[in-house]
file data_35.tsv (TSV, C-alpha atoms)
chain	number	residue	atom	x	y	z
A	341	MET	CA	-17.49	-58.63	46.47
A	342	PRO	CA	-19.45	-57.96	43.25
A	343	ILE	CA	-18.79	-60.33	40.35
A	344	LEU	CA	-16.32	-58.51	38.11
A	345	CYS	CA	-17.25	-58.98	34.43
A	346	LEU	CA	-14.77	-57.75	31.83
A	347	ILE	CA	-16.34	-57.64	28.38
A	348	SER	CA	-15.29	-56.51	24.92
A	349	ARG	CA	-15.94	-57.87	21.44
A	350	GLU	CA	-12.57	-56.50	20.36
A	351	ARG	CA	-9.40	-58.54	20.65
A	352	GLY	CA	-6.22	-57.29	22.25
A	353	THR	CA	-7.85	-55.63	25.28
A	354	GLY	CA	-5.77	-57.44	27.91
A	355	LYS	CA	-8.59	-59.41	29.59
A	356	THR	CA	-6.70	-62.71	29.52
A	357	THR	CA	-3.46	-60.96	30.49
A	358	PHE	CA	-5.26	-59.54	33.53
A	359	LEU	CA	-6.23	-63.08	34.56
A	360	SER	CA	-2.63	-64.20	34.06
A	361	LEU	CA	-1.51	-61.46	36.44
A	362	GLN	CA	-3.99	-62.67	39.09
A	363	ARG	CA	-2.69	-66.20	38.62
A	364	ALA	CA	0.91	-65.01	39.04
A	365	ILE	CA	-0.04	-63.21	42.27
A	366	PHE	CA	-2.26	-65.84	43.91
A	367	ASN	CA	-0.72	-69.01	42.42
A	368	GLU	CA	-2.63	-72.11	43.65
A	369	ASN	CA	-5.17	-69.88	45.41
A	370	MET	CA	-6.71	-69.07	42.01
A	371	ARG	CA	-8.44	-71.13	39.37
A	372	ILE	CA	-9.23	-70.19	35.74
A	373	LEU	CA	-12.19	-72.19	34.47
A	374	ASP	CA	-14.44	-72.42	31.43
A	375	SER	CA	-18.21	-72.03	31.67
A	376	GLU	CA	-18.76	-75.80	31.66
A	377	ARG	CA	-16.71	-76.31	34.80
A	378	ILE	CA	-18.37	-73.48	36.72
A	379	SER	CA	-21.79	-75.01	35.96
A	380	SER	CA	-20.75	-78.53	37.01
A	381	HIS	CA	-21.96	-79.81	40.39
A	382	PHE	CA	-18.40	-81.02	41.08
A	383	THR	CA	-16.87	-78.05	42.87
A	384	SER	CA	-13.67	-79.56	44.29
A	385	PRO	CA	-11.36	-78.07	41.58
A	386	TRP	CA	-12.18	-74.51	42.68
A	387	ALA	CA	-14.19	-74.42	45.92
A	388	GLY	CA	-12.21	-72.67	48.67
A	389	LYS	CA	-9.99	-70.73	46.23
A	390	LEU	CA	-9.71	-66.99	46.70
A	391	ILE	CA	-10.06	-66.07	43.01
A	392	VAL	CA	-12.27	-68.01	40.60
A	393	ALA	CA	-12.14	-66.74	37.00
A	394	VAL	CA	-14.23	-67.81	34.03
A	395	ASP	CA	-12.46	-66.98	30.77
A	396	GLU	CA	-14.21	-66.54	27.40
A	397	SER	CA	-17.44	-67.14	29.27
A	398	LEU	CA	-20.77	-67.53	27.55
A	399	ILE	CA	-23.32	-68.65	30.09
A	400	ASP	CA	-26.30	-70.54	28.69
A	401	THR	CA	-29.07	-67.96	29.19
A	402	ASP	CA	-31.68	-70.71	29.17
A	403	LYS	CA	-30.20	-72.24	32.32
A	404	PRO	CA	-31.01	-69.98	35.28
A	405	THR	CA	-29.37	-72.52	37.59
A	406	VAL	CA	-25.95	-71.39	36.30
A	407	THR	CA	-26.70	-67.74	37.05
A	408	ASN	CA	-28.01	-68.74	40.46
A	409	ARG	CA	-24.77	-70.66	41.09
A	410	LEU	CA	-22.75	-67.52	40.38
A	411	LYS	CA	-24.95	-65.43	42.69
A	412	MET	CA	-24.53	-68.03	45.40
A	413	ILE	CA	-20.75	-67.97	45.07
A	414	ALA	CA	-20.78	-64.18	45.28
A	415	THR	CA	-22.74	-63.89	48.53
A	416	ASN	CA	-23.13	-67.17	50.43
A	417	PRO	CA	-20.90	-67.60	53.50
A	418	THR	CA	-20.40	-71.33	52.75
A	419	ILE	CA	-20.21	-73.43	49.61
A	420	PRO	CA	-20.62	-77.18	48.98
A	421	LEU	CA	-17.33	-79.00	48.31
A	422	GLU	CA	-18.04	-82.04	46.14
A	423	GLY	CA	-15.73	-84.29	44.14
A	424	LYS	CA	-16.28	-87.46	42.11
A	425	GLY	CA	-17.04	-90.39	44.38
A	426	LYS	CA	-16.93	-88.24	47.51
A	427	ASP	CA	-19.64	-86.96	49.79
A	428	ALA	CA	-20.33	-83.25	49.60
A	429	LYS	CA	-19.51	-81.06	52.59
A	430	GLU	CA	-19.85	-77.38	53.38
A	431	VAL	CA	-16.69	-75.25	53.48
A	432	PRO	CA	-16.23	-71.49	54.08
A	433	ASN	CA	-16.76	-69.51	50.89
A	434	ILE	CA	-13.97	-66.97	50.29
A	435	SER	CA	-14.14	-66.96	46.48
A	436	LYS	CA	-14.17	-63.74	44.45
A	437	LEU	CA	-15.46	-64.12	40.89
A	438	ILE	CA	-14.04	-62.67	37.67
A	439	MET	CA	-15.66	-63.28	34.29
A	440	CYS	CA	-14.25	-62.41	30.86
A	441	SER	CA	-16.27	-62.51	27.66
A	442	ASN	CA	-16.19	-61.28	24.06
A	443	ASP	CA	-20.00	-60.95	24.08
A	444	GLU	CA	-20.88	-57.42	25.20
A	445	SER	CA	-24.64	-57.73	25.41
A	446	ASN	CA	-25.77	-61.30	25.90
A	447	PHE	CA	-23.16	-63.34	27.71
A	448	MET	CA	-25.68	-63.93	30.52
A	449	LYS	CA	-28.99	-62.73	31.90
A	450	ILE	CA	-28.88	-60.06	34.61
A	451	ASP	CA	-32.18	-58.93	36.10
A	452	ILE	CA	-32.99	-55.24	36.52
A	453	GLU	CA	-32.92	-55.44	40.32
A	454	GLU	CA	-29.69	-57.47	40.44
A	455	ASN	CA	-26.71	-55.73	42.09
A	456	ARG	CA	-24.13	-58.51	42.27
A	457	PHE	CA	-22.51	-57.83	38.90
A	458	CYS	CA	-19.95	-55.15	38.01
A	459	VAL	CA	-19.75	-55.11	34.20
A	460	VAL	CA	-16.91	-53.14	32.61
A	461	LYS	CA	-16.43	-52.68	28.87
A	462	VAL	CA	-12.67	-52.93	28.37
A	463	PRO	CA	-11.18	-50.64	25.69
A	464	GLN	CA	-8.72	-51.99	23.17
A	465	ILE	CA	-5.05	-51.29	23.88
A	466	PRO	CA	-3.68	-48.86	21.26
A	467	GLN	CA	-1.37	-50.58	18.81
A	468	GLU	CA	1.55	-48.30	19.71
A	469	GLU	CA	1.21	-49.30	23.40
A	470	ASN	CA	0.94	-53.04	22.75
A	471	ASP	CA	3.86	-54.80	24.47
A	472	PRO	CA	4.38	-58.55	23.84
A	473	ARG	CA	6.33	-58.74	27.13
A	474	MET	CA	3.62	-57.06	29.18
A	475	ALA	CA	2.84	-60.16	31.28
A	476	ASP	CA	6.52	-60.76	32.08
A	477	LYS	CA	7.05	-57.12	33.06
A	478	MET	CA	4.00	-57.17	35.33
A	479	ALA	CA	5.21	-60.36	37.01
A	480	GLU	CA	8.51	-58.64	37.83
A	481	GLU	CA	6.62	-55.78	39.48
A	482	ILE	CA	4.42	-58.01	41.69
A	483	PRO	CA	6.38	-57.48	44.97
A	484	ALA	CA	6.25	-53.69	44.55
A	485	PHE	CA	2.60	-53.86	43.48
A	486	LEU	CA	1.63	-55.87	46.57
A	487	TYR	CA	3.51	-53.42	48.80
A	488	PHE	CA	1.54	-50.59	47.20
A	489	LEU	CA	-1.78	-52.39	47.73
A	490	LYS	CA	-1.00	-53.17	51.35
A	491	ASN	CA	-0.04	-49.59	52.23
A	492	ARG	CA	-2.46	-47.58	50.12
A	493	GLN	CA	-5.42	-45.64	51.50
A	494	LEU	CA	-8.71	-47.17	50.38
A	495	TYR	CA	-10.60	-44.90	48.00
A	496	TYR	CA	-14.11	-46.25	48.56
A	497	PRO	CA	-15.58	-46.78	52.06
A	498	GLU	CA	-17.56	-49.90	52.86
A	499	LYS	CA	-21.24	-49.31	52.08
A	500	SER	CA	-23.01	-52.66	51.62
A	501	ARG	CA	-22.78	-56.44	51.93
A	502	LEU	CA	-20.86	-56.30	48.61
A	503	TYR	CA	-18.65	-53.58	50.14
A	504	PHE	CA	-19.30	-50.90	47.48
A	505	ASP	CA	-22.24	-48.61	47.05
A	506	GLU	CA	-23.90	-50.26	44.05
A	507	LYS	CA	-24.10	-46.88	42.26
A	508	ILE	CA	-20.31	-47.02	41.94
A	509	TYR	CA	-20.46	-49.96	39.52
A	510	ASP	CA	-23.78	-49.21	37.79
A	511	THR	CA	-22.16	-48.89	34.35
A	512	PRO	CA	-23.59	-48.38	30.84
A	513	ALA	CA	-22.34	-51.87	29.97
A	514	LEU	CA	-24.36	-53.36	32.84
A	515	ASP	CA	-27.44	-51.35	31.85
A	516	LYS	CA	-27.21	-52.67	28.28
A	517	ILE	CA	-27.23	-56.28	29.45
A	518	LYS	CA	-30.10	-55.67	31.88
A	519	ARG	CA	-32.18	-54.19	29.08
A	520	ARG	CA	-31.71	-57.28	26.92
A	521	THR	CA	-32.60	-59.50	29.88
A	522	GLU	CA	-36.00	-57.87	30.42
A	523	ASN	CA	-39.09	-59.67	29.19
A	524	GLY	CA	-40.75	-58.48	25.98
A	525	LEU	CA	-43.59	-56.63	27.69
A	526	VAL	CA	-41.28	-54.49	29.82
A	527	LYS	CA	-38.95	-53.81	26.88
A	528	ASN	CA	-41.80	-52.58	24.70
A	529	LEU	CA	-43.35	-50.55	27.51
A	530	LYS	CA	-40.03	-48.78	28.05
A	531	ASP	CA	-39.67	-48.15	24.32
A	532	VAL	CA	-43.14	-46.57	24.20
A	533	ILE	CA	-42.40	-44.28	27.15
A	534	ARG	CA	-38.95	-43.28	25.88
A	535	ASN	CA	-40.38	-42.50	22.44
A	536	GLN	CA	-42.96	-40.16	23.95
A	537	PHE	CA	-40.23	-37.98	25.44
A	538	THR	CA	-38.86	-37.51	21.92
A	539	TYR	CA	-42.27	-37.13	20.26
A	540	MET	CA	-43.43	-34.53	22.81
A	541	HIS	CA	-40.07	-32.70	22.99
A	542	SER	CA	-40.26	-32.83	26.76
A	543	ASP	CA	-38.39	-34.41	29.65
A	544	THR	CA	-41.69	-34.92	31.51
A	545	ILE	CA	-44.73	-36.64	30.02
A	546	ASN	CA	-48.17	-37.84	31.16
A	547	MET	CA	-49.63	-41.14	29.92
A	548	SER	CA	-52.76	-43.04	30.90
A	549	LEU	CA	-52.86	-46.82	31.26
A	550	SER	CA	-55.25	-47.04	28.29
A	551	VAL	CA	-52.88	-45.17	25.97
A	552	LEU	CA	-49.86	-47.15	27.17
A	553	TYR	CA	-51.68	-50.42	26.58
A	554	GLU	CA	-52.81	-49.29	23.12
A	555	LEU	CA	-49.30	-48.28	22.02
A	556	VAL	CA	-47.61	-51.38	23.46
A	557	SER	CA	-50.24	-53.60	21.78
A	558	GLU	CA	-49.35	-52.15	18.39
A	559	GLN	CA	-45.81	-53.55	18.60
A	560	TYR	CA	-46.11	-56.48	21.02
A	561	LYS	CA	-48.87	-59.04	20.57
A	562	TYR	CA	-48.59	-60.33	24.14
A	563	ALA	CA	-49.36	-56.96	25.72
A	564	ASP	CA	-51.26	-57.30	28.98
A	565	ARG	CA	-53.00	-54.28	30.52
A	566	LEU	CA	-52.97	-55.70	34.05
A	567	LYS	CA	-49.27	-56.60	33.89
A	568	ILE	CA	-48.42	-53.08	32.67
A	569	ALA	CA	-50.32	-51.61	35.62
A	570	GLU	CA	-48.64	-54.08	37.98
A	571	TYR	CA	-45.14	-53.25	36.69
A	572	LEU	CA	-45.72	-49.51	37.08
A	573	ARG	CA	-47.22	-49.95	40.55
A	574	ASP	CA	-44.26	-52.08	41.66
A	575	ASN	CA	-41.96	-49.27	40.53
A	576	GLY	CA	-43.79	-46.63	42.56
A	577	TYR	CA	-46.03	-45.07	39.89
A	578	ARG	CA	-49.58	-44.00	40.78
A	579	THR	CA	-52.36	-42.17	38.93
A	580	GLY	CA	-54.34	-39.23	40.27
A	581	CYS	CA	-57.68	-37.72	39.35
A	582	ALA	CA	-58.75	-37.65	35.71
A	583	LYS	CA	-57.24	-34.65	33.89
A	584	MET	CA	-56.37	-33.60	30.36
A	585	PHE	CA	-53.03	-34.75	28.93
A	586	SER	CA	-51.43	-34.92	25.47
A	587	TRP	CA	-49.44	-37.55	23.55
A	588	ARG	CA	-48.37	-38.41	19.99
A	589	ARG	CA	-48.33	-41.51	17.82
A	590	SER	CA	-45.15	-40.32	16.11
A	591	ILE	CA	-42.96	-37.25	15.99
A	592	SER	CA	-44.55	-36.13	12.70
A	593	LEU	CA	-48.19	-36.42	13.81
A	594	PRO	CA	-50.12	-33.79	15.81
A	595	GLU	CA	-50.76	-34.09	19.52
A	596	ILE	CA	-53.76	-36.07	20.73
A	597	SER	CA	-55.57	-34.79	23.82
A	598	ASP	CA	-57.29	-37.17	26.23
A	599	LYS	CA	-58.89	-36.92	29.62
A	600	ASP	CA	-58.09	-39.79	31.97
A	601	ARG	CA	-56.18	-40.75	35.09
A	602	PHE	CA	-52.51	-40.65	34.05
A	603	TYR	CA	-49.01	-41.50	35.20
A	604	THR	CA	-46.25	-38.87	35.16
A	605	PHE	CA	-42.86	-39.99	33.85
A	606	LYS	CA	-39.50	-38.17	33.96
A	607	ALA	CA	-36.94	-38.83	31.23
A	608	SER	CA	-34.07	-39.09	33.72
A	609	ASP	CA	-35.73	-42.22	35.19
A	610	TRP	CA	-36.20	-43.99	31.84
A	611	MET	CA	-33.17	-43.01	29.77
A	612	THR	CA	-29.45	-43.53	30.04
A	613	GLN	CA	-27.37	-40.45	30.79
A	614	GLU	CA	-26.33	-40.28	27.14
A	615	GLU	CA	-29.93	-40.54	25.89
A	616	PHE	CA	-31.11	-37.94	28.40
A	617	GLU	CA	-28.41	-35.45	27.40
A	618	GLU	CA	-29.30	-35.96	23.73
A	619	LEU	CA	-32.98	-35.30	24.51
A	620	ARG	CA	-32.11	-32.13	26.42
A	621	SER	CA	-30.04	-30.90	23.47
A	622	GLU	CA	-32.97	-31.51	21.10
A	623	ILE	CA	-35.36	-29.67	23.42
A	624	GLU	CA	-33.00	-26.69	23.73
A	625	ALA	CA	-32.63	-26.55	19.93
A	626	ILE	CA	-36.37	-26.02	19.45
A	627	PRO	CA	-37.02	-22.32	18.56
A	628	LYS	CA	-38.57	-20.37	21.41
A	629	TYR	CA	-41.30	-17.87	20.64
A	630	ASP	CA	-40.87	-14.50	22.31
A	631	SER	CA	-44.05	-13.21	23.97
A	632	ASP	CA	-43.17	-9.70	22.75
A	633	ASP	CA	-43.34	-11.01	19.16
A	634	ASP	CA	-46.83	-12.33	19.88
A	635	ASP	CA	-47.85	-8.90	21.20
A	636	ASP	CA	-46.51	-7.23	18.06
A	637	LEU	CA	-48.44	-9.68	15.90
A	638	TYR	CA	-51.60	-9.01	17.89
A	639	ASP	CA	-51.17	-5.22	17.49
A	640	GLU	CA	-50.72	-5.55	13.70
A	641	GLU	CA	-53.86	-7.70	13.38
A	642	LYS	CA	-55.84	-5.25	15.53
A	643	LEU	CA	-54.69	-2.28	13.41
A	644	LEU	CA	-55.54	-4.08	10.19
A	645	ALA	CA	-58.99	-4.93	11.48
A	646	GLU	CA	-59.66	-1.32	12.43
A	647	GLU	CA	-58.76	-0.17	8.90
A	648	LEU	CA	-61.16	-2.59	7.21
A	649	PRO	CA	-64.48	-0.91	6.33
A	650	PHE	CA	-66.53	-3.90	7.45
A	651	GLY	CA	-64.66	-4.38	10.72
A	652	ASN	CA	-64.20	-7.94	12.02

call {"tool": "encode", "arguments": {"input": "data_35.tsv", "output": "C-alpha cells"}}
result
Amino acid sequence: MPILCLISRERGTGKTTFLSLQRAIFNENMRILDSERISSHFTSPWAGKLIVAVDESLIDTDKPTVTNRLKMIATNPTIPLEGKGKDAKEVPNISKLIMCSNDESNFMKIDIEENRFCVVKVPQIPQEENDPRMADKMAEEIPAFLYFLKNRQLYYPEKSRLYFDEKIYDTPALDKIKRRTENGLVKNLKDVIRNQFTYMHSDTINMSLSVLYELVSEQYKYADRLKIAEYLRDNGYRTGCAKMFSWRRSISLPEISDKDRFYTFKASDWMTQEEFEELRSEIEAIPKYDSDDDDDLYDEEKLLAEELPFGN
C-alpha cells in the first residue's frame, strides 16, 4: 500500500485521534513510533506489525537512508528483524505505514517520480463539531465498523503493485512537497517556463534552449545549459527545425522575436490545476479585437486618404 501521510500545520485536525482508532482496532498488531525509532537499525519493536505509524514525524531531509527505509518498508516482501544483542533475520513484511506531521511542505523529501506516498492535507475540525469523547465513541463503534468494512463493495479496483492507480492519490499536498524537493536548477527552470505562460498570455509557448539558459542564469548562478537540455530530453521534449518564436522578459515588456530550434510547452503539463484555471481566466479576460472593427478602421483610413489633396 502507499505510505499514508496526514499533514496539517493546524491543531485539532484529528490526526492523533485517527492513530488512536487504529491502535484500538489492531491492538498489539500496531505500533506508534517517533521518527528516531523508525530510523534506528533495531527493528524488533515494530517489524512484522500490520500497522506502523510515525506520529509528529519530521524526517531529517539530509539523511536519504531514512527515506529509503520507508520506501523499503512500503514495497519489500521481507524485512530484517534485528534486536539488541541478537542476530538479524528476514521476516515477511506485512507493514502498512502511516505518517502524521504538522509540517505541510518539508517534513521529508519526495522525488518527482516517486509514487509510494499518499499525502493528504487534513482540514481542521470545526469548533462546533469538536467532541472531547470522540475517541471513546469511535471505540464503541468498532465492531459495527469492522462489519461494514468486511461486507462493503470496494470502490477502487486493483491497478498497481501499490493497489491503487497512482493518479488517485496524486494530491496538491503531494505536489507541493515534490516541488520543494527538486534541486535548484529544476525549480528555477520550472519557474521560468511557468512565468512565460503568464507573460505571453497563452497556454502554449515556444522556448529555445539558449533563451531558457539565459533566463535561468539570471536567477540561479549554478545554471547549466547541458543539464537543462538533459532534463527536458528525459521528460520527452525535443526541438525541431529552426523557426521564429516570441518570448518576454516580464509581463510589462514587449515581445522579443528569435529564430532558433525551440521546445513547445503546454501549461497543463507545468502548472497545478488551480494555476492552470487561473491562467485560463486571465487569458479569457483579455479583450478580443473583432475583425469587423479592423475592416471599419481600414475603410475610414482609406476614405480619409482619398480626401487628402496630396494623397498618401

call {"tool": "residues_around", "arguments": {"input": "data_35.tsv", "residues": "A:Ser500", "least_positions_apart": "6", "cutoff": "12 Å", "atoms": "only C-alpha atoms", "output": "list in words"}}
result
Met341, Pro342, Thr415, Asn455, Arg456, Glu506, Lys507 and Ile508 of chain A

call {"tool": "closest_residue", "arguments": {"input": "data_35.tsv", "among": "A:Asn416, A:Asn408, A:Ser445, A:Ser435", "to": "A:Ala393", "atoms": "all atoms listed in the file"}}
result
A:Ser435

call {"tool": "residues_near_point", "arguments": {"input": "data_35.tsv", "point": "(-42.1, -39.6, 30.1)", "cutoff": "7 Å", "atoms": "all atoms listed in the file", "output": "PyMOL selection string"}}
result
chain A and resi 533-534+536-537+543-546+604-607

call {"tool": "residues_around", "arguments": {"input": "data_35.tsv", "residues": "A:Lys567", "least_positions_apart": "5", "cutoff": "12 Å", "atoms": "only C-alpha atoms", "output": "ChimeraX atom specification"}}
result
/A:523-526,529,549,552-553,556,562,572-574

call {"tool": "atom_distance", "arguments": {"input": "data_35.tsv", "atom1": "atom CA of A:Lys436", "atom2": "atom CA of A:Asp451"}}
result
20.4 Å

call {"tool": "closest_residue", "arguments": {"input": "data_35.tsv", "among": "A:Thr407, A:Thr383, A:Thr353, A:Asn367", "to": "A:Lys424", "atoms": "all atoms listed in the file"}}
result
A:Thr383

call {"tool": "residues_around", "arguments": {"input": "data_35.tsv", "residues": "A:Gly425", "least_positions_apart": "3", "cutoff": "12 Å", "atoms": "all atoms listed in the file", "output": "PyMOL selection string"}}
result
chain A and resi 382+384+422+428

call {"tool": "residues_around", "arguments": {"input": "data_35.tsv", "residues": "A:Ala414", "least_positions_apart": "2", "cutoff": "12 Å", "atoms": "all atoms listed in the file", "output": "PyMOL selection string"}}
result
chain A and resi 341-344+390-392+407-412+416-419+433-438+455-458+501-503

call {"tool": "closest_residue", "arguments": {"input": "data_35.tsv", "among": "A:Leu346, A:Leu361, A:Met547, A:Cys581", "to": "A:Met474", "atoms": "only C-alpha atoms"}}
result
A:Leu361

call {"tool": "atom_distance", "arguments": {"input": "data_35.tsv", "atom1": "atom CA of A:Ile413", "atom2": "atom CA of A:Phe488"}}
result
28.3 Å

call {"tool": "closest_residue", "arguments": {"input": "data_35.tsv", "among": "A:Met584, A:Ile365, A:Ala569, A:Asp395", "to": "A:Glu480", "atoms": "all atoms listed in the file"}}
result
A:Ile365

call {"tool": "atom_distance", "arguments": {"input": "data_35.tsv", "atom1": "atom CA of A:Leu359", "atom2": "atom CA of A:Met439"}}
result
9.4 Å

call {"tool": "closest_residue", "arguments": {"input": "data_35.tsv", "among": "A:Phe485, A:Phe358, A:Trp386, A:Tyr495", "to": "A:Gly423", "atoms": "only C-alpha atoms"}}
result
A:Trp386

call {"tool": "closest_residue", "arguments": {"input": "data_35.tsv", "among": "A:Thr357, A:Val431, A:Glu396, A:Ala484", "to": "A:Glu376", "atoms": "all atoms listed in the file"}}
result
A:Glu396

call {"tool": "residues_around", "arguments": {"input": "data_35.tsv", "residues": "A:Phe585", "least_positions_apart": "5", "cutoff": "12 Å", "atoms": "all atoms listed in the file", "output": "list of chain:residue names"}}
result
A:Met540, A:Thr544, A:Ile545, A:Asn546, A:Met547, A:Ser548, A:Val551, A:Glu595, A:Ile596, A:Ser597, A:Asp598, A:Lys599, A:Asp600, A:Arg601, A:Phe602, A:Tyr603, A:Thr604

call {"tool": "axis_aligned_box", "arguments": {"input": "data_35.tsv", "around": "stretch 353-372 of chain A", "padding_each_side": "5 Å", "output": "AutoDock Vina command-line options"}}
result
--center_x -4.2 --center_y -63.9 --center_z 35.3 --size_x 20.1 --size_y 26.5 --size_z 30.1
